[in-house]
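Student: Next up is a structure, given as structure tokens.
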Amino acid sequence: MNGILPLRLEDVSFAAGGRTLIERVSLTLEPGSSTIVLGANGAGKSVLMRLMHGLLAPSSGRVAWSTQGPRRRQAMVFQRPVMLRRSALANVLYALDAAGVPAEQQARLAREALEEVGLTHLAGRPARVLSGGEQQRLALARAWALHPEVLFLDEPTANLDPGATREIEAVIKAFDVSGTKIVMSTHSLGQARRLGDEVIFLHQGRVVERAPIERFFPQPASPEAAAFVKGELPWA
Amino acid sequence: MLEAILGGLRLVATLDLRLWEIVALSLAVSLSAVALATLLGLPLGAAIAVGRFPGRQAAIVVLNALMGLPPVVVGLFIYLLLSRAGPLGELGLLFTPSAMVIAQTVLVLPIIAALARQAVEDAWREYEEQLRSLGVDGLRGALTVLWDIRFSLLTAVLAGLGRASAEVGAVMIVGGNIDGVTRVMTTTIALETSKGDLPLALGLGIVLIAIVLALNAGAHLVKQAAERRYG
């Protein structure tokens with residue numbers, strides 16, 4: 001099976017409402033390592049993820065996958081997942097159906113996905129009445145069922161308490177172990193360290209630094225990243 | 001006055017046959033029209049909400065404006081269409097309940113479509129990114145949202161039903177208010193009032209209000225139950 005990775009961004013800019021939100025970003029995402037997109041609020045993390053995922057079209061430049069695989073080879077989990085007014089299981093089945101998965105495989109894949117995120121016992125519950133953490137795990141199940149090659153996560157735990165955050169992180173780890181490339185934005189440095197292999201640091205719409213996790217935190221190379229790390233960890 | 005009210009209540013209470021025939025025809029006409037308008041109006045509203053096509057803004061303005069169509073004008077147009085010399089005269093529908101259903105459908109369709117357009121558009125803002133991420137676009141997205149907010153859309157359907165059951169002008173013109181054939185609650189009330197038969201007019205008025213209240217209460221309960229069930 002030919003992979004859709006690497007993903008290449010060539011000189012990608014994105015402007016909206018007269019403001020440039022992403023400015024001339026060029027980077028390549030290889031399979032394997034988990035990539036964390038870091039940056040302050042408004043640095044352009046969400047916009048960059050949406051450009052990669054294809055929800056936004058760049059104003060200039062090019063976003064190119066190595067092969068134009070089917071849509072379900074990549075999935076995205078948002079900060080606030082949107083669930084349809086139907087059962088948890090039906091939400092996963094909907095995603096499988098939308099991805100064109102043959103009907104006879106849907107039930108098995110959906111069951112496995114719910115099991116993976118620990119929601120089997122809530123499969124019949126209406127998705128919208130689940131707690132925030134459960135809904136986010138359901139969003140992960142929806143992605144898991146598709147077995148994507150790349151999973152984008154846009155601050156998936158920003159609205160969640162520590163317990164729910166731990167559960168979400170465990171599932172993200174499982175994606176990583178199963179071979180899915182993780183691309184996640186966060187502004188929790190702890191989470192970046194727990195889940196990431198490398199950091200892409202954004203500042204005012206530009207990539208100012210890209211480095212392995214173990215190098216980035218002790219010795220950020222750019223003054224912006226240094227200030228960000230210091231600001232987030234004032235005691236360090 | 002009091003006598004007339006008591007007379008009206010007596011007609012209702014004694015299940016006066018003439019009164020109930022009129023009520024039944026009214027319900028049949030208005031419910032059919034609303035059912036047709038719902039079938040056409042929900043997809044139309046959803047398509048305008050989700051679609052991106054030239055003239056979309058103009059379509060929204062026209063649709064909203066059509067909500068205020070005067071019933072007598074609609075009645076007149078349908079009358080001209082269905083009259084013997086008109087383009088659809090061959091069908092022989094003028095002065096039949098079918099003509100009344102057509103007129104009320106035309107009247108109610110813009111209301112349901114315009115309110116559905118607004119509701120779907122609001123919901124689409126919430127759903128669009130997620131659905132596009134799942135590879136769902138256009139028509140399928142519109143249908144998904146329509147189904148997901150179906151209980152909120154009850155309000156649009158009720159607004160249409162309110163319009164249909166309350167109007168006089170259109171059914172009067174295309175139905176002709178023929179006794180025993182096309183006489184409905186509103187046209188009878190208008191006629192009997194002018195003739196001075198206040199008890200029948202009042203009895204029908206009471207029934208009309210009771211029906212509208214009951215339908216709205218029912219819809220409200222369904223909506224509440226759905227919200228508890230589905231969130």
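Following the order of the structure tokens, chains are lettered A, B, ..., residues in each are numbered from 1, and ligands are numbered from 1.
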Would you list which chain B residues are within 12 Å of chain A using only C-alpha atoms, as number ranges by chain?

Tutor: B: 123-137, 140-141, 144-151, 226-231

Student: Name all residues at most 9 Å from stretch 102-113 of chain A (count only C-alpha atoms; drop same-chain ones fewer than 6 positions away) and give them as a list in words.

Tutor: Leu89, Ala90, Val92, Leu93, Leu96, Leu119, Thr120, Ala123, Leu138, Leu140, Ala141, Arg142, Ala143, Trp144, Ala145 and Leu146 of chain A

Student: Keeping only N, CA and C atoms, write the selected residues as a PDB file, in the first residue's frame.

Tutor:
ATOM      1  N   LEU A  89     -22.415   4.764  18.730  1.00  0.00           N
ATOM      2  CA  LEU A  89     -22.091   3.787  17.683  1.00  0.00           C
ATOM      3  C   LEU A  89     -22.472   4.325  16.302  1.00  0.00           C
ATOM      4  N   ALA A  90     -23.658   4.926  16.212  1.00  0.00           N
ATOM      5  CA  ALA A  90     -24.129   5.433  14.922  1.00  0.00           C
ATOM      6  C   ALA A  90     -23.225   6.546  14.400  1.00  0.00           C
ATOM      7  N   VAL A  92     -19.974   6.642  14.770  1.00  0.00           N
ATOM      8  CA  VAL A  92     -18.808   5.983  14.170  1.00  0.00           C
ATOM      9  C   VAL A  92     -19.208   5.359  12.828  1.00  0.00           C
ATOM     10  N   LEU A  93     -20.388   4.748  12.795  1.00  0.00           N
ATOM     11  CA  LEU A  93     -20.854   4.128  11.549  1.00  0.00           C
ATOM     12  C   LEU A  93     -21.024   5.177  10.452  1.00  0.00           C
ATOM     13  N   LEU A  96     -17.716   5.909   8.940  1.00  0.00           N
ATOM     14  CA  LEU A  96     -17.267   4.805   8.080  1.00  0.00           C
ATOM     15  C   LEU A  96     -18.002   4.835   6.755  1.00  0.00           C
ATOM     16  N   LEU A 119     -15.308   2.920  25.099  1.00  0.00           N
ATOM     17  CA  LEU A 119     -16.684   3.434  25.128  1.00  0.00           C
ATOM     18  C   LEU A 119     -17.718   2.357  24.791  1.00  0.00           C
ATOM     19  N   THR A 120     -17.282   1.109  24.777  1.00  0.00           N
ATOM     20  CA  THR A 120     -18.200   0.046  24.387  1.00  0.00           C
ATOM     21  C   THR A 120     -19.490   0.077  25.199  1.00  0.00           C
ATOM     22  N   ALA A 123     -22.081   2.578  23.856  1.00  0.00           N
ATOM     23  CA  ALA A 123     -22.303   2.562  22.412  1.00  0.00           C
ATOM     24  C   ALA A 123     -23.713   3.015  22.033  1.00  0.00           C
ATOM     25  N   LEU A 138     -14.968   9.643  21.729  1.00  0.00           N
ATOM     26  CA  LEU A 138     -15.787   9.180  20.607  1.00  0.00           C
ATOM     27  C   LEU A 138     -15.240   9.744  19.288  1.00  0.00           C
ATOM     28  N   LEU A 140     -12.199  10.349  18.744  1.00  0.00           N
ATOM     29  CA  LEU A 140     -11.017   9.530  18.461  1.00  0.00           C
ATOM     30  C   LEU A 140     -11.421   8.162  17.907  1.00  0.00           C
ATOM     31  N   ALA A 141     -12.530   7.621  18.418  1.00  0.00           N
ATOM     32  CA  ALA A 141     -13.015   6.336  17.903  1.00  0.00           C
ATOM     33  C   ALA A 141     -13.417   6.482  16.440  1.00  0.00           C
ATOM     34  N   ARG A 142     -14.049   7.609  16.135  1.00  0.00           N
ATOM     35  CA  ARG A 142     -14.483   7.880  14.773  1.00  0.00           C
ATOM     36  C   ARG A 142     -13.264   7.893  13.843  1.00  0.00           C
ATOM     37  N   ALA A 143     -12.159   8.448  14.360  1.00  0.00           N
ATOM     38  CA  ALA A 143     -10.929   8.457  13.564  1.00  0.00           C
ATOM     39  C   ALA A 143     -10.296   7.066  13.531  1.00  0.00           C
ATOM     40  N   TRP A 144     -10.309   6.395  14.683  1.00  0.00           N
ATOM     41  CA  TRP A 144      -9.673   5.072  14.784  1.00  0.00           C
ATOM     42  C   TRP A 144     -10.287   4.093  13.796  1.00  0.00           C
ATOM     43  N   ALA A 145     -11.610   4.149  13.675  1.00  0.00           N
ATOM     44  CA  ALA A 145     -12.309   3.205  12.803  1.00  0.00           C
ATOM     45  C   ALA A 145     -11.791   3.287  11.376  1.00  0.00           C
ATOM     46  N   LEU A 146     -11.302   4.457  10.982  1.00  0.00           N
ATOM     47  CA  LEU A 146     -10.836   4.644   9.602  1.00  0.00           C
ATOM     48  C   LEU A 146      -9.396   4.176   9.422  1.00  0.00           C
TER      49      LEU A 146
END

Student: Can you tell me, as a list in words, what residues are no more than 12 Å from B:Met1 when counting only C-alpha atoms, ignoring any on the same chain fewer than 5 positions away?

Tutor: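 My reading of the contact set: Leu6, Gly7, Gly8, Gly196, Asp197, Leu198, Pro199 and Leu202 of chain B.
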
Student: Enumerate as a PyMOL selection string all residues of chain B assigned to helix (DSSP H, G or I) by DSSP on the backbone, naming them with the chain letters and numbers the document uses.

Tutor: chain B and resi 2-13+17-50+56-66+71-82+89-91+97-133+138-148+150-166+169-175+185-195+198-230

Student: Compile the contact shell of A:Glu167 as an MDAnalysis selection string: residues with an atom at most 9 Å away, counting only C-alpha atoms, same-chain residues fewer than 5 positions apart removed.

Tutor: chainID A and resid 117 133 137 162 172
